[in-house]
Every structure is written in C-alpha cells, then in structure tokens.
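Worksheet: the structure to be examined is printed underneath.
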Amino acid sequence: MTDASLSGATKPPAKRTRSVRFKLLAIALLPTLVILPLLLGVMMVRWNTKFDALLTSKVSGDLTIAHQYFTHILENTGEQIQALGQSVAFREVLAKGDVSEVDRLLAERQSKLGLDFLYLSPAPGGTGSDQPDADWPVIASALRGQSMTSIDIFSNSELAAISPDLAESAHLDLIDTPNAVPSTRNAETRGMVVHSASHVELPNGQNAALVGGILLNQNLAFIDTINDLVYRQSSLPEGSQGTATLFLDDVRVSTNVRLFADRRALGTRVSSAVRKTVLEDGQVWLDRAFVVNDWYISAYEPIKDSYGKRVGMLYVGFLEAPFAQTKYESLLILIGAFLFVAALSVPIFLRWARGIFKPLERMANTIGRVENGDLSARTNIDQVQDEIALVADHLDDLLDQVQERDKRLRAWNDQLNERVDARTSELREANRQLEATTRQLIMSEKLAAIGEITAGVAHEINNPVAVLQGNLDVLRDLLGEHARLGDTEFRLIDEQVNRINLIVTKLLQFAKPEEYAGYVERHSVAEVIDDCMPLVAHLLSRAYINVVREHHSTRLVLMNRTELQQVLVNLMVNALHAMSERGTLTLTDIDQDRDGLPGLLITVRDTGSGMDADVLNRIFDPFYTTKRREGTGLGLSITKTLIDRQGGGLEVESKPGKGTTFMIWLPEAD
C-alpha cells in the first residue's frame, strides 16, 4: 500500500474508549487486596488447626502423667501390703495365735500406711462370715499365692461390712448435669476402691490373704495430688485452670472441678458423648468437652476393675477460654497488620500509576503522525502514561499489513507442517505394523516349533510310562501278599507316574489345543467360580487366606466348562502360591463392553509378592516358570491359549510387594 493510498483511505469511525486507569489499578492492587487475603485466610486456618492440635497433644501428655501417678498409687499400695504380710513382726503376731494382737497390729499399720481398711481373710480363729466377700479376683489370686492390686467397685453393703464410715463416705447425691445420659437414680452409693491383697501363710499351714485398700470416693487429697502433679505452677497461661477427676461409671466421685466457687462438682455426671466413647467403646477421648459449666480441653481414659470391665474414667483437662482468647487476639493482630500494610501501600501504588498515564498521550500523537504519512515518527518516551486501549487500537491499524503477511506465512507453514506430520504418521504406522507382523511371525514360528517338539516328546514319553505302569502292576501280582512290604515305595512310584502323565497331558494340550476343546456351552461365570472353590480348598486351608467374591455380571459366556474351570483354577492357584502365609484373594465378575462388543470381565486379584517387569514380560512364554521344583511353565501359556481361542483377552498388572491382578475378558454368548 502506497503513501497516497494510505492518506486517501477513509478512516473508520472513532471507537468508544474506556479509561484504563481503573484496569491498571485493579491489576496493581489485585495481589494486595485479593491474593494476600486468600493466603492470609489459608494461613489462619492452618495455624488454627496446628494450635488446636498442640492443645490436644498437651492434654494427651497430661493424661499420661496422671495415668502414671494413678498406676503408681496401685503399685505402691500393693507393695506396702505385701511388705507387711512378709514382715517379721506380722509373722510373730500370727505365730502367737492371739486374734486381738493381730487386730491391734493391723489397725496400727492401717493408720500408718494411710489405708481405709486392712484385714486378714479368712480371719484367724473365725469363719470369716462377717467379712466382705472373699470371691474377688484380687483375694482369690492372693489365696492362690499371687499378690494382686486392682480397682474394684464395692457395693454400699460391702463397704458397710468393712466399716460404716466407709459406706457413708462413698455416698454422693447425684446432681442433674446438662448433656448427661438420663438416669432415674438420685444417689451414688457404690465405692471405687484401690483393692490389694497379698498371700499370707498361717501358722497352721492354711493359705490366707492380707487385704487392704483405699476408698477413692471424695478422696480429695488423692485427686488434688494428681492435679498439682500434672498442672504445676506456671504450666498454664494466666486465666486457665487445670482440673482432674475420677469417675465411677459416669459420676464424678473425686474431683477439683468447681460447681460453684467453694463447692466441688461431686455427684455431677459426664456428657453422653464422652460416656459412649470411653465407657462403651473403650477409647481414649482427646478433644474439647463441656465439663459441668464450661468448655475444657479434655482427656478421658477408661478404668477397668479386676474383672476386666470398664467401671470408671480418669480425666484431666484445662479451661479452653484463655487459649481461645489468645488465639482470637493473635488472629485480630494479624488481620490488623494486614489492613495497616494495605492502607500504607495503596497510596504508593496510586502514585506509581500516575507516572504511567501521561506518556500514553504522546504515543497517541505519534500514532496520528504515522497515520498522516510520517512513517519515521517515534514516541521516544521512557515512561508510559495514557489511555492504553486507544494506543493499542492505533497500533493494530498500523500493524494490519504486517499481520496479514504474517497470517499468510503461518498458513503456509501450517500446511507444510500438516503434510510433514501426515507423512510421518503414515511412516510410523507402517513401521509399527511391520514390527507387529514380524513379531507375530517369529512367535508363530516359535510356537509351531515348540508345539511340534512337545507333541513328539509327549508321545515318546507315553510309551515307556505305559510299560513302567504295566510292569509295576505285574510286579504287585507276582509279589502277592509280600507286596505290602513295599506299599510306601509302590505308592511313591504311582505318584511320580501320575505326575509324568499329568505333565504329558499338559504338553499335549499346549501342542494341540484344538483336540482338547470339548463340548462348548453357555455358562454363568459366578457358578463356574463357585465350582472352582472346592478345587483349591486344600491350598486355602494351608494359610490365612481371605476370599472376597464380588459378583455383578448378568451375561453368559460360550466356552467349554472344563476349560473355563482350568483357566480360573490356574490363576487362583498362582495367586495362592504368591501369598505364602496370609492375604486376600478377590474374585470379581462384571459386565463390560470392549470395542463395541458385549462381554464380561473376570478379575483375579491377590495381595502377594507381585512380579517385576522382567518376569511380567515372560509369564505367558511356554515352559517359563518361577517355581523351580514344582511348575512346568505351561499353566499360564495354556490359559492364554484357551482365552485367545474364545476371542477373549488376558491381561495382567503387577508390582513387587503390591500383589498381582489378572483380567480376563470374554465375549457374551449369542
């Protein structure tokens, strides 16, 4: 296009332009006002999760300390009672046979050891009818000579039999508690007791048990010691409060949780959610929980008695509110810091934007000079400050000619590339077909040669095997009754001859599969799989193998039933051999179309040792086996031949240590 034609061309009507100031500002402020808030939100969510996880980890450690102290109390009580039972003073008093002296010594040691009760069962010189039940596992174990300490729940009458004061101390009025399991009871009269017994031999040789214990109901010194041990001074932030509680069933029988400022929450009950998790399911609770009148970061673990039953819970926890307040304050500080940075940076962005707009006006003037014929005009600016949309429009008009030529060149280039690509694809396809045909011819030649050799070898083996079997039968007849002396040897020879016949049969089936096709009929795959299970039952009984059946197919297959059973049994036996001790064998059948043809897919999956790539590439080769002493290497080769002959397909997926999956696809019967 000449300069004259350019100057004489009719200019198109002016297009409406829209200021780019807002667009540039939006682009400049997008990271600050959109991306950063999103990142801030993600960071706050992740920080909140980590914060909560840290609180859960702390209360878990607190529970561990409380559990160790609780266990220490049990062990210490048992050791003290055992030491008393083996002491010289106690044995001397027993030897005197004075019951009053025994009672005096036990009363003295009970007070000294801080026990709530201490007695000898059965009592010397008495029948023991006025003593508590001696059938407790703790006492029964001591009578057998084995000391034992456990937590046991005594009824009020059993406590009263020991001491009326104990029965009174155990009594707690139940207080209605929000979220607790509804109950018709109004009082808890049972007692949770540290129950210990040590074996003692009386002077007359009779076995007895020295029994002692501590009542934990309203044992405030015990629970306060746990609380002071777990939540030492300055271990929690200001405003938080650590608590510890001992539950009998779901009732607080010893606690430092406050119902009011000067009253402990004795007789209140745990929430139904915690009760189900800890007492019914036997799990440890590590989470926030509503305790009496506020939310606590809590940890509960079940307590079992000498019978192994879950009879109570041990709890530690701390007030959540101070931690939540700290968390919210941190989040507010973070949000405030972001808003401050945004308020400080936005004016700076606006000032930088003003430096962009003015130079664009000079660019627009220069474009106008170029449109009037001055093609050598240049803006020669270092900064850009104007309406970008108008400048881009003028540049588009000036670059139309270059763009047109570029389009033509690109079109020619695309046509050329398409021709080259088409030619290359044709050559690749031809090469691929040639390679496939070559491999198929080589494999066909190999299989034909192997088939001919194996058929000849099989027929040659049959003749001496038949002579061997016949002479063996003649030898039995000649020996008559004396043949029983060699029953074991004859049986071994028969087994090996049968094994040779089996190998020969497999060789013939591989060499001439068309002669073993048999009768073809329609079958349900699920029924055939069920028939195969008894055939591999002897292998299933040798290891802990779990068989999973997933039957979803509705279609039938057209195949000789014996051949289909042979295919499935071969794959199942291989799978069971791959799982030496334990594993899972999964058998699945589903309807599946392939290449537009209806059919069904049978999957045999194991969790065994798997195969590497080298083995996987050769498993269908004739006579290749990984079973050095047992296999013939024909099982999978015959299996693939039988499936291919039915127009189906056999595929395998396997990784070392991940198991193996065989997938059989068969067309649907017409």
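Each chain in the structure tokens gets a letter, A, B, ..., in the order shown, and its residues are numbered from 1; ligands are numbered from 1 in order too.
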Within 10 Å of range 203-206 of chain A, counting only C-alpha atoms, which residues show up once you throw out same-chain ones fewer than 4 positions away? Write them as an mmCIF file with C-alpha atoms, in the first residue's frame, please.
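Below is the file that was written, result.cif:
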data_model
loop_
_atom_site.group_PDB
_atom_site.id
_atom_site.type_symbol
_atom_site.label_atom_id
_atom_site.label_comp_id
_atom_site.auth_asym_id
_atom_site.auth_seq_id
_atom_site.Cartn_x
_atom_site.Cartn_y
_atom_site.Cartn_z
ATOM 1 C CA ARG A 91 4.584 -63.300 111.333
ATOM 2 C CA GLU A 92 5.440 -63.263 115.052
ATOM 3 C CA LEU A 94 0.378 -64.650 113.779
ATOM 4 C CA ALA A 95 2.513 -67.316 115.452
ATOM 5 C CA LYS A 96 1.211 -66.303 118.895
ATOM 6 C CA GLY A 97 -2.328 -67.036 117.740
ATOM 7 C CA PRO A 122 -10.117 -65.570 106.436
ATOM 8 C CA PRO A 124 -7.613 -66.277 112.270
ATOM 9 C CA LEU A 143 -5.119 -67.178 98.207
#
Report as a PDB file with N, CA and C atoms, in the first residue's frame: the residues of range 189-327 of chain A with a DSSP assignment of alpha helix (DSSP H), based on the backbone of this structure.
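Output file states12.pdb is given in full below:
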ATOM      1  N   LEU A 220     -10.225 -36.272  98.278  1.00  0.00           N
ATOM      2  CA  LEU A 220      -9.784 -35.012  97.669  1.00  0.00           C
ATOM      3  C   LEU A 220      -8.270 -34.883  97.672  1.00  0.00           C
ATOM      4  N   ALA A 221      -7.605 -35.440  98.693  1.00  0.00           N
ATOM      5  CA  ALA A 221      -6.138 -35.374  98.728  1.00  0.00           C
ATOM      6  C   ALA A 221      -5.549 -36.118  97.538  1.00  0.00           C
ATOM      7  N   PHE A 222      -6.157 -37.259  97.192  1.00  0.00           N
ATOM      8  CA  PHE A 222      -5.674 -38.046  96.053  1.00  0.00           C
ATOM      9  C   PHE A 222      -5.818 -37.262  94.743  1.00  0.00           C
ATOM     10  N   ILE A 223      -7.017 -36.702  94.498  1.00  0.00           N
ATOM     11  CA  ILE A 223      -7.240 -36.031  93.220  1.00  0.00           C
ATOM     12  C   ILE A 223      -6.483 -34.710  93.144  1.00  0.00           C
ATOM     13  N   ASP A 224      -6.325 -34.001  94.297  1.00  0.00           N
ATOM     14  CA  ASP A 224      -5.560 -32.751  94.294  1.00  0.00           C
ATOM     15  C   ASP A 224      -4.085 -33.017  94.035  1.00  0.00           C
ATOM     16  N   THR A 225      -3.589 -34.158  94.523  1.00  0.00           N
ATOM     17  CA  THR A 225      -2.192 -34.515  94.253  1.00  0.00           C
ATOM     18  C   THR A 225      -1.979 -34.725  92.754  1.00  0.00           C
ATOM     19  N   ILE A 226      -2.917 -35.411  92.102  1.00  0.00           N
ATOM     20  CA  ILE A 226      -2.821 -35.590  90.643  1.00  0.00           C
ATOM     21  C   ILE A 226      -2.844 -34.239  89.943  1.00  0.00           C
ATOM     22  N   ASN A 227      -3.759 -33.359  90.373  1.00  0.00           N
ATOM     23  CA  ASN A 227      -3.876 -32.053  89.722  1.00  0.00           C
ATOM     24  C   ASN A 227      -2.603 -31.230  89.895  1.00  0.00           C
ATOM     25  N   ASP A 228      -2.032 -31.227  91.126  1.00  0.00           N
ATOM     26  CA  ASP A 228      -0.804 -30.464  91.373  1.00  0.00           C
ATOM     27  C   ASP A 228       0.372 -31.049  90.611  1.00  0.00           C
ATOM     28  N   LEU A 229       0.378 -32.372  90.453  1.00  0.00           N
ATOM     29  CA  LEU A 229       1.476 -33.007  89.720  1.00  0.00           C
ATOM     30  C   LEU A 229       1.404 -32.705  88.228  1.00  0.00           C
ATOM     31  N   VAL A 230       0.183 -32.727  87.666  1.00  0.00           N
ATOM     32  CA  VAL A 230       0.020 -32.505  86.223  1.00  0.00           C
ATOM     33  C   VAL A 230       0.128 -31.030  85.876  1.00  0.00           C
ATOM     34  N   SER A 272     -23.016 -37.434  77.561  1.00  0.00           N
ATOM     35  CA  SER A 272     -23.315 -38.721  76.920  1.00  0.00           C
ATOM     36  C   SER A 272     -22.315 -39.065  75.831  1.00  0.00           C
ATOM     37  N   ALA A 273     -21.795 -38.033  75.124  1.00  0.00           N
ATOM     38  CA  ALA A 273     -20.829 -38.304  74.048  1.00  0.00           C
ATOM     39  C   ALA A 273     -19.547 -38.898  74.612  1.00  0.00           C
ATOM     40  N   VAL A 274     -19.036 -38.315  75.704  1.00  0.00           N
ATOM     41  CA  VAL A 274     -17.817 -38.841  76.327  1.00  0.00           C
ATOM     42  C   VAL A 274     -18.080 -40.224  76.912  1.00  0.00           C
ATOM     43  N   ARG A 275     -19.247 -40.407  77.540  1.00  0.00           N
ATOM     44  CA  ARG A 275     -19.570 -41.698  78.133  1.00  0.00           C
ATOM     45  C   ARG A 275     -19.559 -42.813  77.090  1.00  0.00           C
ATOM     46  N   ALA A 321     -11.105 -21.357  77.501  1.00  0.00           N
ATOM     47  CA  ALA A 321     -11.357 -19.949  77.203  1.00  0.00           C
ATOM     48  C   ALA A 321     -10.083 -19.109  77.064  1.00  0.00           C
ATOM     49  N   PRO A 322      -9.093 -19.193  77.974  1.00  0.00           N
ATOM     50  CA  PRO A 322      -7.891 -18.360  77.800  1.00  0.00           C
ATOM     51  C   PRO A 322      -7.138 -18.667  76.515  1.00  0.00           C
ATOM     52  N   PHE A 323      -7.072 -19.928  76.149  1.00  0.00           N
ATOM     53  CA  PHE A 323      -6.388 -20.277  74.903  1.00  0.00           C
ATOM     54  C   PHE A 323      -7.161 -19.750  73.698  1.00  0.00           C
ATOM     55  N   ALA A 324      -8.499 -19.871  73.750  1.00  0.00           N
ATOM     56  CA  ALA A 324      -9.304 -19.348  72.646  1.00  0.00           C
ATOM     57  C   ALA A 324      -9.146 -17.848  72.537  1.00  0.00           C
ATOM     58  N   GLN A 325      -9.104 -17.159  73.690  1.00  0.00           N
ATOM     59  CA  GLN A 325      -8.929 -15.711  73.662  1.00  0.00           C
ATOM     60  C   GLN A 325      -7.574 -15.346  73.063  1.00  0.00           C
ATOM     61  N   THR A 326      -6.534 -16.068  73.464  1.00  0.00           N
ATOM     62  CA  THR A 326      -5.203 -15.819  72.895  1.00  0.00           C
ATOM     63  C   THR A 326      -5.198 -16.048  71.392  1.00  0.00           C
ATOM     64  N   LYS A 327      -5.896 -17.118  70.959  1.00  0.00           N
ATOM     65  CA  LYS A 327      -5.952 -17.411  69.530  1.00  0.00           C
ATOM     66  C   LYS A 327      -6.656 -16.286  68.772  1.00  0.00           C
TER      67      LYS A 327
END
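Secondary structure by DSSP on the backbone puts the following residues of range 477-584 of chain A in strand (DSSP E): Glu521, Arg522, His523, Ser524, Tyr544, Ile545, Asn546, Val547, Val548, Arg549, Glu550, His551, Leu556, Val557, Leu558, Met559, Arg582, Gly583 and Thr584 of chain A.
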May I have the selected residues written with N, CA and C atoms, as a short mmCIF file (atom, residue, chain, number, x, y, z; two decimals), in the first residue's frame?
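Printed below is part33.cif as written:
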data_model
loop_
_atom_site.label_atom_id
_atom_site.label_comp_id
_atom_site.auth_asym_id
_atom_site.auth_seq_id
_atom_site.Cartn_x
_atom_site.Cartn_y
_atom_site.Cartn_z
N GLU A 521 -20.64 -74.79 25.66
CA GLU A 521 -22.00 -74.44 26.08
C GLU A 521 -21.96 -73.12 26.83
N ARG A 522 -23.16 -72.59 27.09
CA ARG A 522 -23.27 -71.30 27.79
C ARG A 522 -23.18 -71.53 29.31
N HIS A 523 -22.47 -70.59 29.99
CA HIS A 523 -22.27 -70.73 31.42
C HIS A 523 -22.38 -69.38 32.10
N SER A 524 -22.79 -69.42 33.36
CA SER A 524 -22.71 -68.25 34.25
C SER A 524 -21.35 -68.30 34.94
N TYR A 544 -3.72 -68.38 56.04
CA TYR A 544 -4.83 -67.50 56.41
C TYR A 544 -5.19 -66.63 55.21
N ILE A 545 -5.94 -67.21 54.29
CA ILE A 545 -6.33 -66.51 53.06
C ILE A 545 -7.80 -66.13 53.16
N ASN A 546 -8.09 -64.86 52.97
CA ASN A 546 -9.47 -64.36 52.98
C ASN A 546 -9.94 -64.24 51.53
N VAL A 547 -11.02 -64.95 51.19
CA VAL A 547 -11.56 -64.93 49.82
C VAL A 547 -12.73 -63.96 49.77
N VAL A 548 -12.64 -63.01 48.83
CA VAL A 548 -13.70 -61.99 48.64
C VAL A 548 -14.33 -62.21 47.27
N ARG A 549 -15.65 -62.42 47.24
CA ARG A 549 -16.37 -62.62 45.99
C ARG A 549 -17.25 -61.41 45.69
N GLU A 550 -17.11 -60.85 44.49
CA GLU A 550 -17.91 -59.71 44.07
C GLU A 550 -18.56 -60.06 42.73
N HIS A 551 -19.79 -60.54 42.77
CA HIS A 551 -20.49 -60.98 41.57
C HIS A 551 -21.45 -59.88 41.11
N LEU A 556 -23.85 -64.34 29.98
CA LEU A 556 -23.32 -65.69 29.91
C LEU A 556 -22.17 -65.73 28.91
N VAL A 557 -21.26 -66.70 29.06
CA VAL A 557 -20.16 -66.89 28.13
C VAL A 557 -20.32 -68.24 27.44
N LEU A 558 -19.82 -68.32 26.22
CA LEU A 558 -19.89 -69.55 25.42
C LEU A 558 -18.51 -70.19 25.42
N MET A 559 -18.32 -71.25 26.25
CA MET A 559 -16.99 -71.84 26.39
C MET A 559 -17.15 -73.20 27.05
N ARG A 582 -0.49 -65.40 54.53
CA ARG A 582 -1.79 -64.76 54.69
C ARG A 582 -1.99 -63.77 53.56
N GLY A 583 -3.23 -63.39 53.32
CA GLY A 583 -3.53 -62.44 52.26
C GLY A 583 -5.01 -62.47 51.91
N THR A 584 -5.34 -61.75 50.83
CA THR A 584 -6.73 -61.66 50.39
C THR A 584 -6.81 -62.01 48.91
#
### Query
At what distance in Å, to one decimal, does CA of Asp531 in chain A lie from CA of Phe662 in chain A?
19.2 Å
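Counting from CA of Thr268 in chain A, the distance to CA of Gln68 in chain A is 25.3 Å.
The residue that comes closest to Gln241 in chain A, out of A:Asp287, A:Glu320, A:Asp165, A:Asp414 and on the basis of only C-alpha atoms, is A:Glu320.
Across A:Ile461, A:Leu266, A:Ile214, A:Ala669, the tightest approach to Pro598 in chain A is made by A:Ala669 when counting only C-alpha atoms.
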### Task
Tell me, as a list in words, which residues lie within 12 Å of Ile162 in chain A, counting only C-alpha atoms; anything in the same chain fewer than 4 positions away does not count.
Asp116, Phe117, Leu118, Tyr119, Leu120, Asp130, Gln131, Pro132, Asp133, Phe154, Ser155, Asn156, Ser157, Glu158, Leu166, Ala167, Glu168, Val211, Gly212, Gly213, Ile214 and Leu215 of chain A
Leaving out Cys532 in chain A and any residue of its chain fewer than 2 positions from it, which residues lie within 12 Å of it when counting only C-alpha atoms, given as a short mmCIF file (atom, residue, chain, number, x, y, z; two decimals) with C-alpha atoms, in the first residue's frame?
data_model
loop_
_atom_site.label_atom_id
_atom_site.label_comp_id
_atom_site.auth_asym_id
_atom_site.auth_seq_id
_atom_site.Cartn_x
_atom_site.Cartn_y
_atom_site.Cartn_z
CA VAL A 525 -19.26 -67.20 35.39
CA ALA A 526 -20.38 -66.96 39.02
CA GLU A 527 -21.46 -70.62 39.02
CA VAL A 528 -18.18 -71.74 37.44
CA ILE A 529 -16.21 -69.78 40.05
CA ASP A 530 -18.24 -71.42 42.82
CA PRO A 534 -13.54 -76.80 46.27
CA LEU A 535 -10.65 -77.50 43.86
CA VAL A 536 -8.40 -75.02 45.68
CA ALA A 537 -9.74 -75.67 49.19
CA HIS A 538 -6.63 -77.64 50.14
CA ARG A 561 -16.89 -75.57 31.15
CA THR A 562 -13.80 -77.67 31.88
CA GLU A 563 -11.55 -75.23 30.01
CA LEU A 564 -13.04 -72.24 31.85
CA GLN A 565 -12.52 -74.04 35.16
CA GLN A 566 -8.94 -74.82 34.15
CA VAL A 567 -8.30 -71.13 33.38
CA LEU A 568 -9.75 -69.94 36.70
CA VAL A 569 -8.07 -72.66 38.80
CA ASN A 570 -4.68 -71.92 37.18
CA LEU A 571 -4.98 -68.23 38.08
CA MET A 572 -6.31 -68.94 41.59
CA VAL A 573 -3.51 -71.46 42.32
CA LEU A 587 -12.67 -62.70 42.58
#
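Interatomic distance, CA of Val138 in chain A to CA of Leu279 in chain A: 22.3 Å.
Remark: for Gly308 in chain A, the closest of the candidate residues A:Val253, A:Gly61, A:Ile153, A:Arg269 is A:Ile153 (distances computed over only C-alpha atoms).
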### Task
Excluding Leu334 in chain A and any residue of its chain fewer than 4 positions from it, enumerate the residues within 12 Å of it, using only C-alpha atoms, and give them as a PyMOL selection string.
chain A and resi 37+40-41+43-44+47+327-330+338-341
